[in-house]
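Novice: Quick one: the structure is below, and I'll ask about it shortly.
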Amino acid sequence: MERIISSDSAEWPSWKRYGFRFVFIALVVFILPLDGKFYQKLVGIPWPDVPFYDLLVLTKYQPQFFPPSYSGGQYLEFVSFWNWLVVAAIALIGTVIWTALDRRNPAYPKLYYGLRVLVRYRLALALIAYGLYKVFQLQLPYPPLSNLLTNYGDFYAWKVYYQTTAISPNYETFLGAIELITGILLLYRRTVTMGAGLALGFVGNIAAANFYYDLGEQSYSLLLVLLAIFLFSDDVPRLYQLLIREKLAVAARWRPVFSGAFGKLRIGIQLITVLFIAVIGVQAYGGREPAAYKLPRTPGLSKAAGRYLVTEFVVNGDTIPHATDHPFRWQEVVFEEWSTLSIKSNRKVTIDKSNGEGYYERDIDRNYELAGIAGRHFYHYVADSSRHRLLLQNKNLHHREEQFTLDYQRPTDSTLVLRGWISPTDSVHVTLERLAKKYLMYEGRRRPVKI
Amino acid sequence: MSTELTGNPKQAHRPKAADEKRTRRTGQPWTSLQKIAFRIGFVYFVALCIPAYGNFYRDVIKLFDFAKLTYHDFQAIVAFWPPQFILIESEEGVFGIYNYINLILLLLLAIVVGVLWTWLDRKSTQYSKLYYWARVLVRYRLAYGMIGWGLKKAFPMQMVYPTLGMLNTPFVDMAEKKLYWSHVGVSFGYTIFLGFAEILPGLLLLHRKTASLGGALAAVVCLNICIANHAYDAGVAVPAAYFTLLGIFVAWYDLPKIGELLVGGKDVAPYRYYPILTRGQNKLRWTLKVFFNLVFVPVAAAFWAYGFFNGNNYNIPSTPGLPNIQGVYQVSEFKLNGKTLPYSPTDSIRWHDAIFESWSSLSYRTNRAALIDRMIGYSPLRVKGDRGESRYNQVNTQDSDELFKSSQNRDLGVTRWEVGGMAGYRRYFFYELDSANQVLKLQNKNRNHRNETQYLHISRPTADRVILRGLNEYRDSIDVVLDRIPKTYPLVEGRESALTQF
């Protein structure tokens with residue numbers, strides 16, 4: 001238990017008192033979940049599954065006074081900054097009232113300490129959740145083959161960023177480990193400044209990338225940066241004194257005393273925190289299903305995964321030769337390891353503007369593989385192996401009405417023949433030949449390879 | 001290494017600050033462990049900061065050719081590599097994981113010298129003076145290095161926006177290093193941000209009061225660069241680790257005290273030592289400091305700016321293309337020796353598409369592979385001299401600077417971005433127009449296929465149609481009709497754009 005070494009009863013300058021009241025109210029509103037939606041989410045968590053993603057969402061809490069604005073599935077992140085204005089307004093009004101009621105109070109060491117604890121735990125939980133998200137490679141799943149075969153220009157910037165990081169899963173784990181360590185440092189009083197400094201660098205970089213790549217979460221990452229600045233600021237005068245003025249620097253003196261009810265509360269909070277971290281950690285570990293949860297989990301047609309050239313394409317009896325300008329001739333088909341196949345053709349795609357974030361039970365809703373890219377259509381399929389039939393449905397919410405059935409035959413290991421009606425007026429007969437190719441991304445650039 | 005501050009200033013040898021406290025060690029001796037650790041560390045870090053290969057000194061002499069100075073010359077000086085005892089080429093290039101052996105060998109050498117020194121030097125009680133000067137050397141070396149690395153991003157040249165050819169290249173046809181570079185280049189703003197993330201620690205290192213902070217920041221930034229280099233085979237992992245070590249050494253001066261203050265909760269005074277210099281020595285110090293700071297900060301920046309704004313971007317060609325020809329074209333018709341070839345994705349002669357860039361470059365895709373340009377940088381060549389072909393290396397392809405200086409067309413030495421690190425299915429040709437005969441002379445930009453040239457007569461009957469007729473690189477006659485396609489790219493449009501159909 002801590003003892004009071006010396007109480008900081010010195011009077012704070014008035015700017016510090018006003019400033020503290022404002023910051024206290026603002027941060028409490030940002031952090032303490034006063035929004036009903038939070039409790040709805042909390043209560044709505046399926047028990048006993050407790051999926052990792054639902055826990056992650058809890059740690060992403062921010063007050064939402066305005067509903068998020070949707071436009072064709074796109075979450076316009078900048079609406080969230082209007083929420084900040086509301087918080088600032090509340091804090092301003094609160095400061096005025098508080099000042100009026102509490103003019104005589106010389107300083108707020110206890111409240112300041114309490115606020116620091118609140119911010120530390122908030123930031124730590126945010127970083128630990130996202131750290132686990134990356135350590136177990138759930139946030140950035142290894143790109144599906146369809147995504148790897150897509151032209152660079154057909155990606156949104158955020159998807160390029162995600163995909164480039166995802167091709168090195170070890171790097172993703174490394175980044176997650178740094179985030180985890182930073183979060184843990186924040187939980188120990190003595191290492192807070194170190195943790196806050198690291199967080200500032202790490203989350204600062206993420207916030208910058210979020211703005212520059214339209215990655216989303218612009219306001220959330222900026223909030224975390226502000227929390228890190230708040231925590232770090234306590235030691236800035238000391239570091240300035242030591243390094244810049246090159247004089248004796250006085251260490252932080254004020255220590256709280258925890259007696260009776262407070263002592264029990266403190267232990268209770270610490271236990272709950274550890275429990276939450278343990279649970280979210282276990283769930284993150286368990287989230288590594290055969291296809292990490294952003295990708296569908298039903299296995300695809302057995303031994304069909306791969307890239308196929310469309311060697312024959314017959315529509316209503318007419319054979320259509322290879323062409324780059326035909327409005328809908330299939331140019332390439334990719335079967336994924338799971339129950340998705342993609343078809344590349346000249347048919348326009350209304351691009352999915354979401355981030356593919358979220359936990360979805362049904363494979364058809366797991367849209368990460370098509371979020372943010374164009375160039376091909378993605379179909380969820382259900383294979384009926386007794387009748388040799390595939391039921392396809394377009395996964396893109398803008399094209400969901402596209403459904404059709406294809407009968408398949410597999411004359412050889414590398415050939416698939418598909419037959420069916422792709423629209424009420426067009427019956428097709430398609431022959432697919434598997435393409436076995438070497439790719440530079442895998443071959444590497446060190447050997448003098450012809451590719 | 002703790003000390004008391006004794007406040008007696010001796011001579012005020014700084015012209016301005018009358019109230020700055022000059023401190024001097026008043027003889028509190030270092031422990032034996034501190035002394036031997038210092039001896040080893042001193043040898044190690046000083047040796048790391050002295051260029052140990054001949055080409056460096058050749059590059060210094062090149063600096064005096066004032067008329068032909070470019071930013072490359074500055075970069076060659078500040079980005080010198082740590083000592084290379086053994087050059088091991090591997091799947092990770094020259095500076096991959098095996099190259100750490102050089103840092104380890106140097107450490108062993110430092111230990112040997114340190115032990116010898118301990119044996120020879122029984123009298124010294126402390127080495128504050130040597131520590132001070134070693135730290136000066138290291139922090140200036142690191143500062144100029146960081147600023148140099150940062151300038152190539154602050155004036156985006158290291159990473160630039162994907163070309164039209166790249167926008168039409170599948171993700172998987174690009175090497176990991178290329179993908180890593182490209183994804184930074186996608187955002188001009190982010191590239192500049194990363195540049196400043198390297199320049200800021202560099203600037204902080206130049207002032208003694210902010211040096212520890214600069215060193216710590218540099219160490220963190222360079223550690224990230226080192227890990228990313230290992231993850232993406234980007235080729236300079238060990239030099240980044242080298243900078244990390246230097247950063248830690250600079251920050252180490254203050255780390256124990258900071259730890260005591262923040263983590264240990266004790267009141268501390270900083271460890272400080274400043275040498276007493278005579279007036280003459282002080283003048284010399286000031287002159288050197290101002291001179292080198294000028295040369296490697298604002299002057300270097302000016303050269304980068306000049307290069308960036310005056311068509312010497314080392315990753316972008318500068319010869320303009322034909323007017324209004326830029327775009328993606330569909331190959332409507334293709335005849336080889338008089339015979340029409342239909343389109344097929346497996347055809348290795350008939351072009352699948354054609355792309356004209358805004359500079360004088362034409363590329364087209366077929367199913368024919370090529371010996372790729374492996375996007376290998378200057379690094380090994382600078383250390384041991386041009387080595388020509390070797391198993392993991394390749395001929396220096398990036399000689400745009402030499403071409404620029406000898407007033408030749410630099411574009412054939414600026415291929416790393418446009419061509420390097422990508423599969424050979426798309427071939428890139430530099431073209432020059434003979435306007436009298438309306439013939440394009442095409443030259444393959446891939447150095448491994450530099451002998452491939454084509455002579456194609458060009459006619460442009462309408463704004464969107466180009467007809468090329470002539471001899472291709474295999475001396476077959478081809479007749480190609482190209483029609484421009486209006487193509488839009490999600491990457492270029494951006495998520496916030498109203499355009500959602502692609």
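By convention here, the chains of the structure tokens are called A, B, ... in the order presented, each chain's residues are numbered starting at 1, and ligands are numbered starting at 1 in the order presented.
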With a distance threshold of 6 Å and counting only C-alpha atoms, extract the residues of chain A near chain B and express them as a PyMOL selection string.

Specialist: chain A and resi 148-157+190+242+244+247-251+322+348-351+439-441+444-447+449-451

Novice: I need the residues from that last selection saved to file as a compact mmCIF listing (two decimals), in the first residue's frame (with N, CA and C atoms), if you can.

Specialist:
```
# COMPACT_ATOMS: atom_id res chain seq x y z
N LEU A 148 -5.16 -10.81 -54.54
CA LEU A 148 -3.78 -10.74 -55.00
C LEU A 148 -3.71 -10.57 -56.51
N LEU A 149 -4.71 -11.12 -57.21
CA LEU A 149 -4.68 -11.05 -58.66
C LEU A 149 -5.29 -9.76 -59.20
N THR A 150 -5.79 -8.92 -58.32
CA THR A 150 -6.43 -7.68 -58.74
C THR A 150 -5.39 -6.63 -59.09
N ASN A 151 -5.70 -5.82 -60.11
CA ASN A 151 -4.79 -4.74 -60.50
C ASN A 151 -4.64 -3.71 -59.39
N TYR A 152 -3.44 -3.16 -59.27
CA TYR A 152 -3.13 -2.20 -58.21
C TYR A 152 -4.08 -1.02 -58.21
N GLY A 153 -4.45 -0.55 -59.38
CA GLY A 153 -5.32 0.63 -59.47
C GLY A 153 -6.76 0.36 -59.07
N ASP A 154 -7.12 -0.93 -58.95
CA ASP A 154 -8.51 -1.27 -58.62
C ASP A 154 -8.77 -1.35 -57.13
N PHE A 155 -7.80 -0.89 -56.33
CA PHE A 155 -7.98 -0.90 -54.88
C PHE A 155 -8.23 0.52 -54.39
N TYR A 156 -9.00 0.66 -53.33
CA TYR A 156 -8.98 1.91 -52.60
C TYR A 156 -7.66 1.97 -51.82
N ALA A 157 -7.24 3.19 -51.47
CA ALA A 157 -5.96 3.35 -50.79
C ALA A 157 -5.91 2.55 -49.49
N ARG A 190 4.47 3.26 -12.59
CA ARG A 190 5.82 3.75 -12.80
C ARG A 190 6.21 3.85 -14.28
N LEU A 242 15.24 18.71 -16.53
CA LEU A 242 16.43 17.87 -16.49
C LEU A 242 17.30 18.03 -17.73
N ILE A 244 16.74 20.17 -20.70
CA ILE A 244 16.91 21.44 -21.40
C ILE A 244 17.51 22.48 -20.45
N LYS A 247 19.07 21.19 -14.93
CA LYS A 247 19.12 21.46 -13.49
C LYS A 247 18.51 20.28 -12.75
N LEU A 248 18.54 20.38 -11.45
CA LEU A 248 17.94 19.34 -10.63
C LEU A 248 16.44 19.25 -10.93
N ALA A 249 16.00 18.03 -11.20
CA ALA A 249 14.58 17.84 -11.48
C ALA A 249 13.94 17.10 -10.32
N VAL A 250 12.76 17.57 -9.94
CA VAL A 250 12.09 17.01 -8.78
C VAL A 250 11.08 15.97 -9.24
N ALA A 251 11.17 14.79 -8.66
CA ALA A 251 10.27 13.71 -9.07
C ALA A 251 8.85 13.98 -8.57
N HIS A 322 -11.95 -15.25 -76.87
CA HIS A 322 -11.33 -14.34 -75.91
C HIS A 322 -11.47 -12.92 -76.41
N LYS A 348 -19.47 -3.88 -64.95
CA LYS A 348 -19.09 -2.90 -63.92
C LYS A 348 -19.41 -3.41 -62.52
N VAL A 349 -18.59 -3.00 -61.58
CA VAL A 349 -18.82 -3.33 -60.17
C VAL A 349 -19.16 -2.03 -59.44
N THR A 350 -20.25 -2.05 -58.66
CA THR A 350 -20.48 -0.92 -57.77
C THR A 350 -19.71 -1.25 -56.50
N ILE A 351 -18.67 -0.51 -56.28
CA ILE A 351 -17.67 -0.91 -55.29
C ILE A 351 -18.26 -0.86 -53.88
N TYR A 439 4.44 -16.58 -59.24
CA TYR A 439 4.20 -15.17 -59.04
C TYR A 439 5.40 -14.51 -58.37
N LEU A 440 5.71 -13.31 -58.84
CA LEU A 440 6.91 -12.62 -58.37
C LEU A 440 6.85 -12.36 -56.87
N MET A 441 5.67 -12.06 -56.36
CA MET A 441 5.57 -11.75 -54.94
C MET A 441 6.07 -12.92 -54.09
N GLY A 444 10.20 -13.79 -55.07
CA GLY A 444 11.21 -12.91 -54.49
C GLY A 444 12.09 -12.33 -55.58
N ARG A 445 12.75 -11.27 -55.21
CA ARG A 445 13.48 -10.53 -56.23
C ARG A 445 14.97 -10.81 -56.22
N ARG A 446 15.39 -11.82 -55.50
CA ARG A 446 16.82 -11.99 -55.36
C ARG A 446 17.39 -12.91 -56.43
N ARG A 447 16.61 -13.90 -56.81
CA ARG A 447 17.15 -14.83 -57.81
C ARG A 447 16.86 -14.28 -59.20
N VAL A 449 15.22 -14.60 -61.82
CA VAL A 449 14.13 -15.45 -62.26
C VAL A 449 13.47 -14.82 -63.48
N LYS A 450 13.01 -15.69 -64.39
CA LYS A 450 12.30 -15.20 -65.56
C LYS A 450 10.82 -15.32 -65.25
N ILE A 451 10.16 -14.17 -65.15
CA ILE A 451 8.79 -14.24 -64.69
C ILE A 451 7.99 -13.09 -65.27
```

Novice: Applying 12 Å and only C-alpha atoms, which residues near Tyr98 of chain B remain after dropping the ones on its own chain fewer than 3 positions away? List them as a ChimeraX atom specification.

Specialist: /B:84,86-95,101-105,230,235,237-238

Novice: Enumerate as a CSV table (one decimal) with C-alpha atoms, in the first residue's frame all residues of segment 44-276 of chain A assigned to alpha helix (DSSP H) by DSSP on the backbone, naming them with the chain letters and numbers the document uses.

Specialist:
```csv
chain,number,residue,atom,x,y,z
A,44,GLY,CA,-26.2,-8.0,-26.7
A,52,PHE,CA,-13.6,-11.3,-29.8
A,53,TYR,CA,-15.0,-8.6,-32.2
A,54,ASP,CA,-17.8,-7.8,-29.8
A,55,LEU,CA,-15.3,-7.2,-27.0
A,56,LEU,CA,-13.1,-5.1,-29.4
A,57,VAL,CA,-16.1,-2.9,-30.2
A,58,LEU,CA,-16.6,-2.3,-26.4
A,59,THR,CA,-13.1,-0.9,-26.2
A,80,SER,CA,-17.6,11.9,-35.5
A,81,PHE,CA,-15.8,15.1,-35.2
A,82,TRP,CA,-19.1,16.9,-34.7
A,83,ASN,CA,-19.4,14.7,-31.6
A,84,TRP,CA,-16.2,16.3,-30.3
A,85,LEU,CA,-17.7,19.8,-30.6
A,86,VAL,CA,-20.6,18.6,-28.5
A,87,VAL,CA,-18.2,17.2,-25.9
A,88,ALA,CA,-16.3,20.5,-25.9
A,89,ALA,CA,-19.5,22.4,-25.4
A,90,ILE,CA,-20.5,20.2,-22.5
A,91,ALA,CA,-17.1,20.6,-21.0
A,92,LEU,CA,-17.2,24.4,-21.4
A,93,ILE,CA,-20.6,24.7,-19.7
A,94,GLY,CA,-19.5,22.3,-17.0
A,95,THR,CA,-16.4,24.3,-16.3
A,96,VAL,CA,-18.4,27.5,-15.9
A,97,ILE,CA,-20.8,25.8,-13.4
A,98,TRP,CA,-18.0,24.1,-11.5
A,99,THR,CA,-15.9,27.2,-11.2
A,100,ALA,CA,-18.9,29.0,-9.9
A,101,LEU,CA,-19.5,26.4,-7.2
A,109,PRO,CA,-4.5,16.4,-6.8
A,110,LYS,CA,-6.9,13.6,-6.0
A,111,LEU,CA,-9.2,14.2,-9.0
A,112,TYR,CA,-6.1,14.6,-11.2
A,113,TYR,CA,-4.8,11.3,-10.0
A,114,GLY,CA,-8.1,9.7,-10.6
A,115,LEU,CA,-8.4,11.2,-14.1
A,116,ARG,CA,-5.0,9.9,-14.9
A,117,VAL,CA,-6.0,6.4,-13.8
A,118,LEU,CA,-9.1,6.6,-15.9
A,119,VAL,CA,-7.2,7.7,-19.0
A,120,ARG,CA,-4.4,5.1,-18.4
A,121,TYR,CA,-6.9,2.2,-18.3
A,122,ARG,CA,-8.9,3.5,-21.2
A,123,LEU,CA,-5.8,3.9,-23.4
A,124,ALA,CA,-4.4,0.6,-22.2
A,125,LEU,CA,-7.5,-1.4,-23.0
A,126,ALA,CA,-7.8,0.3,-26.4
A,127,LEU,CA,-4.2,-0.7,-27.2
A,128,ILE,CA,-4.4,-4.2,-25.8
A,129,ALA,CA,-7.5,-5.0,-27.8
A,130,TYR,CA,-6.0,-3.7,-31.0
A,131,GLY,CA,-2.7,-5.3,-30.2
A,132,LEU,CA,-4.4,-8.7,-29.8
A,133,TYR,CA,-6.3,-8.0,-33.0
A,134,LYS,CA,-3.0,-7.8,-34.8
A,135,VAL,CA,-0.9,-10.4,-32.9
A,145,LEU,CA,-6.1,-15.1,-54.1
A,146,SER,CA,-8.7,-12.9,-55.9
A,147,ASN,CA,-7.4,-9.9,-54.1
A,148,LEU,CA,-3.8,-10.7,-55.0
A,157,ALA,CA,-6.0,3.4,-50.8
A,158,TRP,CA,-7.0,1.8,-47.5
A,159,LYS,CA,-7.1,-1.6,-49.0
A,160,VAL,CA,-3.7,-1.2,-50.5
A,161,TYR,CA,-2.4,-0.3,-47.1
A,162,TYR,CA,-4.1,-3.3,-45.4
A,163,GLN,CA,-3.1,-5.7,-48.1
A,164,THR,CA,0.5,-4.6,-48.2
A,165,THR,CA,0.8,-5.0,-44.4
A,166,ALA,CA,-1.1,-8.3,-44.5
A,169,PRO,CA,1.9,-11.8,-41.2
A,170,ASN,CA,5.0,-11.7,-39.0
A,171,TYR,CA,5.2,-8.0,-39.4
A,172,GLU,CA,1.6,-7.7,-38.4
A,173,THR,CA,2.3,-9.7,-35.3
A,174,PHE,CA,5.3,-7.5,-34.5
A,175,LEU,CA,3.2,-4.4,-34.7
A,176,GLY,CA,0.6,-6.0,-32.5
A,177,ALA,CA,3.2,-7.0,-29.9
A,178,ILE,CA,4.4,-3.4,-29.7
A,179,GLU,CA,0.8,-2.2,-29.2
A,180,LEU,CA,0.3,-4.9,-26.5
A,181,ILE,CA,3.5,-3.9,-24.6
A,182,THR,CA,2.6,-0.3,-24.8
A,183,GLY,CA,-0.8,-1.0,-23.3
A,184,ILE,CA,0.7,-3.0,-20.5
A,185,LEU,CA,3.2,-0.3,-19.7
A,186,LEU,CA,0.3,2.0,-19.2
A,187,LEU,CA,-1.2,-0.2,-16.5
A,192,VAL,CA,3.1,5.3,-17.6
A,193,THR,CA,5.3,8.0,-19.2
A,194,MET,CA,7.2,5.4,-21.2
A,195,GLY,CA,4.0,3.8,-22.3
A,196,ALA,CA,2.5,7.2,-23.2
A,197,GLY,CA,5.6,8.2,-25.2
A,198,LEU,CA,5.5,4.9,-27.2
A,199,ALA,CA,1.7,5.2,-27.7
A,200,LEU,CA,2.2,8.7,-29.0
A,201,GLY,CA,4.6,7.5,-31.6
A,202,PHE,CA,2.7,4.4,-32.5
A,203,VAL,CA,-0.8,5.7,-32.5
A,204,GLY,CA,0.4,9.0,-34.0
A,205,ASN,CA,1.6,7.1,-37.0
A,206,ILE,CA,-1.7,5.2,-37.2
A,207,ALA,CA,-3.7,8.4,-37.0
A,208,ALA,CA,-1.7,10.0,-39.8
A,209,ALA,CA,-2.1,6.9,-41.9
A,210,ASN,CA,-5.9,6.9,-41.2
A,211,PHE,CA,-6.2,10.5,-42.5
A,212,TYR,CA,-3.9,10.1,-45.5
A,213,TYR,CA,-5.3,6.7,-46.7
A,218,GLN,CA,-9.9,9.0,-37.9
A,219,SER,CA,-11.6,10.4,-34.8
A,220,TYR,CA,-10.9,7.4,-32.7
A,221,SER,CA,-7.2,7.3,-33.4
A,222,LEU,CA,-6.9,11.0,-32.8
A,223,LEU,CA,-8.7,10.6,-29.5
A,224,LEU,CA,-6.1,8.0,-28.5
A,225,VAL,CA,-3.3,10.4,-29.5
A,226,LEU,CA,-4.9,13.1,-27.3
A,227,LEU,CA,-5.1,10.7,-24.4
A,228,ALA,CA,-1.5,9.8,-24.8
A,229,ILE,CA,-0.5,13.5,-24.9
A,230,PHE,CA,-2.5,14.0,-21.7
A,231,LEU,CA,-0.7,11.2,-19.9
A,232,PHE,CA,2.8,12.2,-21.2
A,233,SER,CA,2.3,15.9,-20.3
A,236,VAL,CA,7.2,17.1,-19.6
A,237,PRO,CA,8.1,19.9,-17.1
A,238,ARG,CA,10.4,17.4,-15.3
A,239,LEU,CA,12.1,16.3,-18.5
A,260,GLY,CA,-11.0,1.1,3.3
A,261,ALA,CA,-13.6,1.4,0.6
A,262,PHE,CA,-11.2,2.9,-1.9
A,263,GLY,CA,-8.7,0.1,-1.3
A,264,LYS,CA,-11.3,-2.5,-2.1
A,265,LEU,CA,-12.5,-0.6,-5.1
A,266,ARG,CA,-9.0,-0.3,-6.5
A,267,ILE,CA,-8.4,-4.0,-6.2
A,268,GLY,CA,-11.8,-4.7,-7.7
A,269,ILE,CA,-11.1,-2.5,-10.7
A,270,GLN,CA,-7.7,-4.1,-11.2
A,271,LEU,CA,-9.2,-7.6,-11.1
A,272,ILE,CA,-11.9,-6.8,-13.6
A,273,THR,CA,-9.3,-5.3,-15.9
A,274,VAL,CA,-7.1,-8.4,-15.7
A,275,LEU,CA,-10.2,-10.6,-16.2
A,276,PHE,CA,-11.3,-8.6,-19.3
```

Novice: Skipping near chain neighbours, those fewer than 3 positions away, what residues fall within 8 Å of Asp363 of chain A using only C-alpha atoms, listed as an mmCIF file with C-alpha atoms, in the first residue's frame?

Specialist:
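Dumped to selection.cif:
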```cif
data_model
loop_
_atom_site.group_PDB
_atom_site.id
_atom_site.type_symbol
_atom_site.label_atom_id
_atom_site.label_comp_id
_atom_site.auth_asym_id
_atom_site.auth_seq_id
_atom_site.Cartn_x
_atom_site.Cartn_y
_atom_site.Cartn_z
ATOM 1 C CA LEU A 295 -13.070 -14.497 -44.282
ATOM 2 C CA PRO A 296 -15.732 -17.156 -44.848
ATOM 3 C CA ARG A 297 -15.335 -20.412 -42.964
ATOM 4 C CA THR A 298 -17.201 -22.963 -45.034
ATOM 5 C CA SER A 339 -16.964 -20.978 -50.461
ATOM 6 C CA TYR A 360 -20.730 -11.880 -39.320
ATOM 7 C CA ARG A 366 -18.328 -11.683 -44.648
ATOM 8 C CA HIS A 380 -20.839 -16.925 -52.338
#
```

Novice: With segment 411-424 of chain A as the partner and 12 Å as the cut-off, tabulate the residues of segment 283-400 of chain A that qualify, each row holding the nearest pair of atoms and their distance in Å to one decimal, using only C-alpha atoms, sorted by chain and rising number, as a tab-separated table.

Specialist:
```
residue	atom	partner	partner_atom	distance
A:Leu301	CA	A:Leu416	CA	11.4
A:Ser302	CA	A:Asp413	CA	10.8
A:Lys303	CA	A:Asp413	CA	8.2
A:Ala304	CA	A:Ser414	CA	8.2
A:Ala305	CA	A:Ser414	CA	10.1
A:Gly306	CA	A:Ser414	CA	9.4
A:Arg307	CA	A:Ser414	CA	9.9
A:Tyr308	CA	A:Thr415	CA	8.4
A:Leu309	CA	A:Thr415	CA	9.7
A:Val310	CA	A:Leu416	CA	9.7
A:Thr311	CA	A:Thr415	CA	9.9
A:Glu312	CA	A:Val417	CA	9.2
A:Phe313	CA	A:Leu418	CA	9.7
A:Val314	CA	A:Arg419	CA	9.5
A:Val315	CA	A:Trp421	CA	9.3
A:Asn316	CA	A:Trp421	CA	9.4
A:Gly317	CA	A:Arg419	CA	11.7
A:Phe328	CA	A:Ile422	CA	10.7
A:Arg329	CA	A:Ile422	CA	11.4
A:Trp330	CA	A:Ile422	CA	11.4
A:Val333	CA	A:Leu416	CA	10.6
A:Val334	CA	A:Leu416	CA	11.7
A:Phe335	CA	A:Leu416	CA	11.0
A:His388	CA	A:Leu418	CA	9.9
A:Arg389	CA	A:Leu418	CA	9.1
A:Leu390	CA	A:Leu418	CA	9.2
A:Leu391	CA	A:Gly420	CA	10.4
A:Leu392	CA	A:Ile422	CA	9.6
A:Gln393	CA	A:Ile422	CA	10.7
A:Asn394	CA	A:Ile422	CA	11.5
```

Novice: With N, CA and C atoms kept, could you save the residues just selected as a short mmCIF file (atom, residue, chain, number, x, y, z; two decimals), in the first residue's frame?

Specialist:
```
data_model
loop_
_atom_site.label_atom_id
_atom_site.label_comp_id
_atom_site.auth_asym_id
_atom_site.auth_seq_id
_atom_site.Cartn_x
_atom_site.Cartn_y
_atom_site.Cartn_z
N LEU A 301 -15.39 -25.94 -52.71
CA LEU A 301 -15.49 -27.19 -53.44
C LEU A 301 -14.14 -27.91 -53.34
N SER A 302 -14.19 -29.19 -53.03
CA SER A 302 -12.93 -29.85 -52.70
C SER A 302 -11.96 -29.83 -53.86
N LYS A 303 -10.74 -29.47 -53.56
CA LYS A 303 -9.61 -29.43 -54.50
C LYS A 303 -9.86 -28.52 -55.71
N ALA A 304 -10.77 -27.57 -55.57
CA ALA A 304 -11.03 -26.69 -56.72
C ALA A 304 -10.29 -25.37 -56.61
N ALA A 305 -9.71 -25.07 -55.45
CA ALA A 305 -9.14 -23.74 -55.23
C ALA A 305 -8.05 -23.44 -56.25
N GLY A 306 -8.09 -22.24 -56.79
CA GLY A 306 -7.05 -21.86 -57.74
C GLY A 306 -7.58 -20.87 -58.76
N ARG A 307 -6.72 -20.58 -59.71
CA ARG A 307 -7.02 -19.60 -60.73
C ARG A 307 -7.29 -20.32 -62.04
N TYR A 308 -8.35 -19.92 -62.73
CA TYR A 308 -8.76 -20.60 -63.95
C TYR A 308 -8.90 -19.63 -65.12
N LEU A 309 -8.39 -20.05 -66.27
CA LEU A 309 -8.66 -19.31 -67.50
C LEU A 309 -9.97 -19.82 -68.08
N VAL A 310 -10.69 -18.91 -68.71
CA VAL A 310 -11.96 -19.30 -69.31
C VAL A 310 -11.67 -19.63 -70.77
N THR A 311 -11.40 -20.90 -71.03
CA THR A 311 -10.96 -21.26 -72.38
C THR A 311 -12.13 -21.34 -73.36
N GLU A 312 -13.31 -21.58 -72.81
CA GLU A 312 -14.46 -21.67 -73.72
C GLU A 312 -15.65 -20.98 -73.06
N PHE A 313 -16.31 -20.12 -73.80
CA PHE A 313 -17.45 -19.42 -73.24
C PHE A 313 -18.54 -19.36 -74.30
N VAL A 314 -19.60 -20.14 -74.08
CA VAL A 314 -20.67 -20.23 -75.08
C VAL A 314 -21.94 -19.64 -74.48
N VAL A 315 -22.52 -18.67 -75.14
CA VAL A 315 -23.74 -18.04 -74.66
C VAL A 315 -24.86 -18.33 -75.65
N ASN A 316 -25.88 -18.97 -75.17
CA ASN A 316 -27.02 -19.31 -76.04
C ASN A 316 -26.54 -19.95 -77.34
N GLY A 317 -25.58 -20.83 -77.24
CA GLY A 317 -25.10 -21.56 -78.40
C GLY A 317 -24.00 -20.86 -79.17
N PHE A 328 -19.70 -8.93 -71.17
CA PHE A 328 -19.82 -9.78 -70.00
C PHE A 328 -19.11 -11.12 -70.10
N ARG A 329 -18.30 -11.34 -71.18
CA ARG A 329 -17.60 -12.63 -71.24
C ARG A 329 -16.68 -12.78 -70.05
N TRP A 330 -16.74 -13.93 -69.43
CA TRP A 330 -15.87 -14.19 -68.29
C TRP A 330 -14.43 -14.27 -68.78
N VAL A 333 -11.63 -16.90 -63.69
CA VAL A 333 -12.41 -17.30 -62.52
C VAL A 333 -11.44 -17.77 -61.44
N VAL A 334 -11.69 -17.35 -60.21
CA VAL A 334 -10.85 -17.80 -59.11
C VAL A 334 -11.74 -18.50 -58.08
N PHE A 335 -11.38 -19.73 -57.74
CA PHE A 335 -12.03 -20.41 -56.63
C PHE A 335 -11.15 -20.22 -55.41
N HIS A 388 -24.04 -32.23 -58.16
CA HIS A 388 -23.03 -31.49 -58.92
C HIS A 388 -23.55 -30.12 -59.31
N ARG A 389 -23.97 -29.41 -58.31
CA ARG A 389 -24.60 -28.12 -58.59
C ARG A 389 -24.02 -27.07 -57.66
N LEU A 390 -23.84 -25.87 -58.20
CA LEU A 390 -23.42 -24.75 -57.37
C LEU A 390 -24.52 -23.69 -57.38
N LEU A 391 -24.92 -23.25 -56.16
CA LEU A 391 -25.87 -22.14 -56.09
C LEU A 391 -25.06 -20.89 -55.77
N LEU A 392 -25.05 -19.95 -56.71
CA LEU A 392 -24.23 -18.77 -56.51
C LEU A 392 -25.08 -17.56 -56.17
N GLN A 393 -24.54 -16.70 -55.33
CA GLN A 393 -25.18 -15.42 -55.08
C GLN A 393 -24.09 -14.37 -54.95
N ASN A 394 -24.30 -13.23 -55.59
CA ASN A 394 -23.32 -12.16 -55.54
C ASN A 394 -23.23 -11.62 -54.11
#
```
